[in-house]
Amino acid sequence: MGANFMKLQFAAKSENESFARVAVASFISQLDPTLEEINDIKTVVSEAVTNSIIHGYEEDEKGIVTIYVSYDGEMVELTIEDNGKGIEDVESALQPLYTTKPELERSGMGFTIMENLMDDMEVESKIGEGTKVVLRKRFAINNTVN
Amino acid sequence: MGANFMKLQFAAKSENESFARVAVASFISQLDPTLEEINDIKTVVSEAVTNSIIHGYEEDEKGIVTIYVSYDGEMVELTIEDNGKGIEDVESALQPLYTTKPELERSGMGFTIMENLMDDMEVESKIGEGTKVVLRKRFAINNTVN
Amino acid sequence: MNFNITLEMVRNTLIVRLEGELDHHTSEMVREKIDKELAKGIVKNLLFNLEHLTFMDSSGLGMLLGRYKKIRQSEGKMSICCLQPSVYKIFELSGIFKILSVFENESEAIEALEVA
Amino acid sequence: MNFNITLEMVRNTLIVRLEGELDHHTSEMVREKIDKELAKGIVKNLLFNLEHLTFMDSSGLGMLLGRYKKIRQSEGKMSICCLQPSVYKIFELSGIFKILSVFENESEAIEALEVA
Ligand SMILES: Nc1ncnc2c1ncn2[C@@H]1O[C@H](COP(=O)(O)OP(=O)(O)O)[C@@H](O)[C@H]1O
Ligand SMILES: Nc1ncnc2c1ncn2[C@@H]1O[C@H](COP(=O)(O)OP(=O)(O)O)[C@@H](O)[C@H]1O
C-alpha cells in the first residue's frame, strides 16, 4: 500500500467524537484491517479525543482537536493533539483508575486502554500549552492485499 | 445543531477519494440529512477531490488536498482546495463537457454536477498557485432534530 | 447519530437496552435517562442488555460504574448481558468482571438478580 | 475497498456487473479489465448491470462513455440496466440517456442488444 497520511481538525464538541472515529477508521480501512483492528483503532481515537474535549479544553467548544494518521507499509502512527490545559503529572495520569474528574464519572481507564490496544504510546504534555498522544501499531502484513 | 467545523488534509492519492467522501458524509450526518442529501455531498466531494488529484497535481501524490466543511444551523459550506497548477480559463472549465484531459477519458461534467447538486458554487484559481472550490447548500430544516 | 436506548420494567428490575455506540457523548444521554427512572424510587435492580451495542469506550465504562454505585447505595444489584466481542474486550481490559456479573441472556440475568 | 466487478459472456454480449462505488480510482480498474476482454476480439455488445452500484461520479461516467466509443468503433452496441436512484441522478444530469439505452433488467437489455 506504500505510504499515506491524513490530518484532521475539528471543533472540540462531543458530537464530533463519533465522526472522528469513522474518519480514522475509514482512512485505516485502506490497509484491509480485521474487524478487531478497526475496533481497536476506533477505541483509542475515542479515548484520546474525549480526553482532549473533557480534560484538555474542559468542554469549551472553541477548542480544536487535531488528529494525524499515517501509515508506511503495515506500520500505523496516530497522533491526537490539543492546545488545552495540559497534564500536571503525566506519570500518575497513565495509572489505571487515575482520574482528575471523578465528579464526571470518568473511569480513569483511558490511557490504560490506549496503551493496551496499541503497540506503543507516548504522551507529551505542557501545562497551559496542550497534550499530544502518539500511538503506533503494526498491522498484520497478510491483510495488506491490493 | 448550532455551528461546527472540520478541516481535512490528505495525500493526493486516488485511494483517498473514497475516504474523503466517507469523512465528509460522516461529519454532515450530524445534520440528519436525507439519503439523497448525503449522496449529493459525497458526489461533489468526489468531483472536486478527483479534479485536484488529476488536474491540479497531475497525479503527483506528493500534493496535498484540503477540505474544509462547516455548518451553521442548516447552512453547509464545503471548500476543496489544492496548491496545484491552477485553471487557465475558469469560464471554459465550467462549461459542460469541457475537459483538458480527454486522453484520460474525463467526461468534462465535474463542475456541471457540482453546480447542479449544490445551491451555490465559487471557483477561484491562479496558475501555478492552485484552485479553490467553495460549495454551499441549505439543508432541509425539518431534518435537524436533536 | 445511530444510538438508541429503550427502558423496560420487569417486576422491580429496570432493563436498559442499548443500541449503537456508547461513548462520552451518548453516555451522558444514557446517564440522564436512567437516573430519571431511578429517582422515582421504584427500581430495585438494574440490567444492561448490550446485545446491540457495537462500540463502547471508557466513558461508557464510567457511566456503567456510576450506575453500579448508585444502585448499590439503595441495596440493589446490577448485571449485564449479551456482550459483543468488542465490548467484551473493553470490559476485560478494565477488570470490571470482578464486580459485575455478566450473563448470556436476559432471562438468566433477571433470575439471578431476583435471587436474594 | 468495497468494490467488485464480475464479467460474464452471454453469447456475444459481455455483461459487466459492478458493485460498490465507481469513482476515479475504481473506474481505472474497471476500464483495464473490460479493455482486456475487448482486446480478445470476441465481444460484440456490452451490458453494464449497475444494480449493486451504490455510488457513481463523473469519472465513472467518463469510463462508461469511453467503453461506448470503443464498442461503437467495432459496430457493437452498449446498454445499461438496473440503476439505483443516486446513479440515475448522475446519468440524468449528464444527459447520457440521449445516447445510451437503459433497461429495467438484464434479460430485457440483452434481448434489445441482440435485435439487429
Ligand atoms: N488531553 C488531556 N488534557 C489534559 N489532561 C488530560 C488529557 N488526557 C488525560 N488527561 C489527564 O489524565 C487523566 C487520566 O486520563 P484517562 O486515563 O484517560 O482517564 P479519564 O479520562 O477517565 O480521567 C485525566 O483524568 C486527566 O487528568
Ligand atoms: N483542481 C483543478 N486544478 C486544475 N485544473 C482543474 C481543476 N479542476 C478542474 N480543472 C480544469 O477544469 C476542467 C473541467 O473540469 P470538470 O468539469 O471537473 O471536468 P473533467 O474533470 O472531467 O475534465 C478540467 O478538465 C481541468 O482543465
# chains A, B, ... in the order shown; residues from 1 in each chain; ligands from 1
>>> residues_near_ligand(ligand="ligand 2", cutoff="9 Å", atoms="only C-alpha atoms and all ligand atoms", output="ChimeraX atom specification")
/B:47-58,80-90,92-102,104-114,123,125,127,130-133 /D:58-59,62
>>> residues_around(residues="B:Leu135", least_positions_apart="4", cutoff="8 Å", atoms="only C-alpha atoms", output="MDAnalysis selection string")
chainID B and resid 77:79 114 118:122
>>> closest_residue(among="C:Ser94, C:Asn12, C:Leu46, C:Ile34", to="ligand 1", atoms="only C-alpha atoms and all ligand atoms")
C:Ser94
>>> atom_distance(atom1="atom CA of D:Leu64", atom2="atom CA of D:Ile96")
9.8 Å
>>> closest_residue(among="C:Leu93, C:Gly41, C:Tyr88, C:Leu47", to="C:Ser74", atoms="only C-alpha atoms")
C:Gly41
>>> interface_residues(of="chain B", to="chain A", cutoff="9 Å", atoms="only C-alpha atoms", output="ChimeraX atom specification")
/B:4-11,13,15-16,18-20,22-24,26-27,29-30
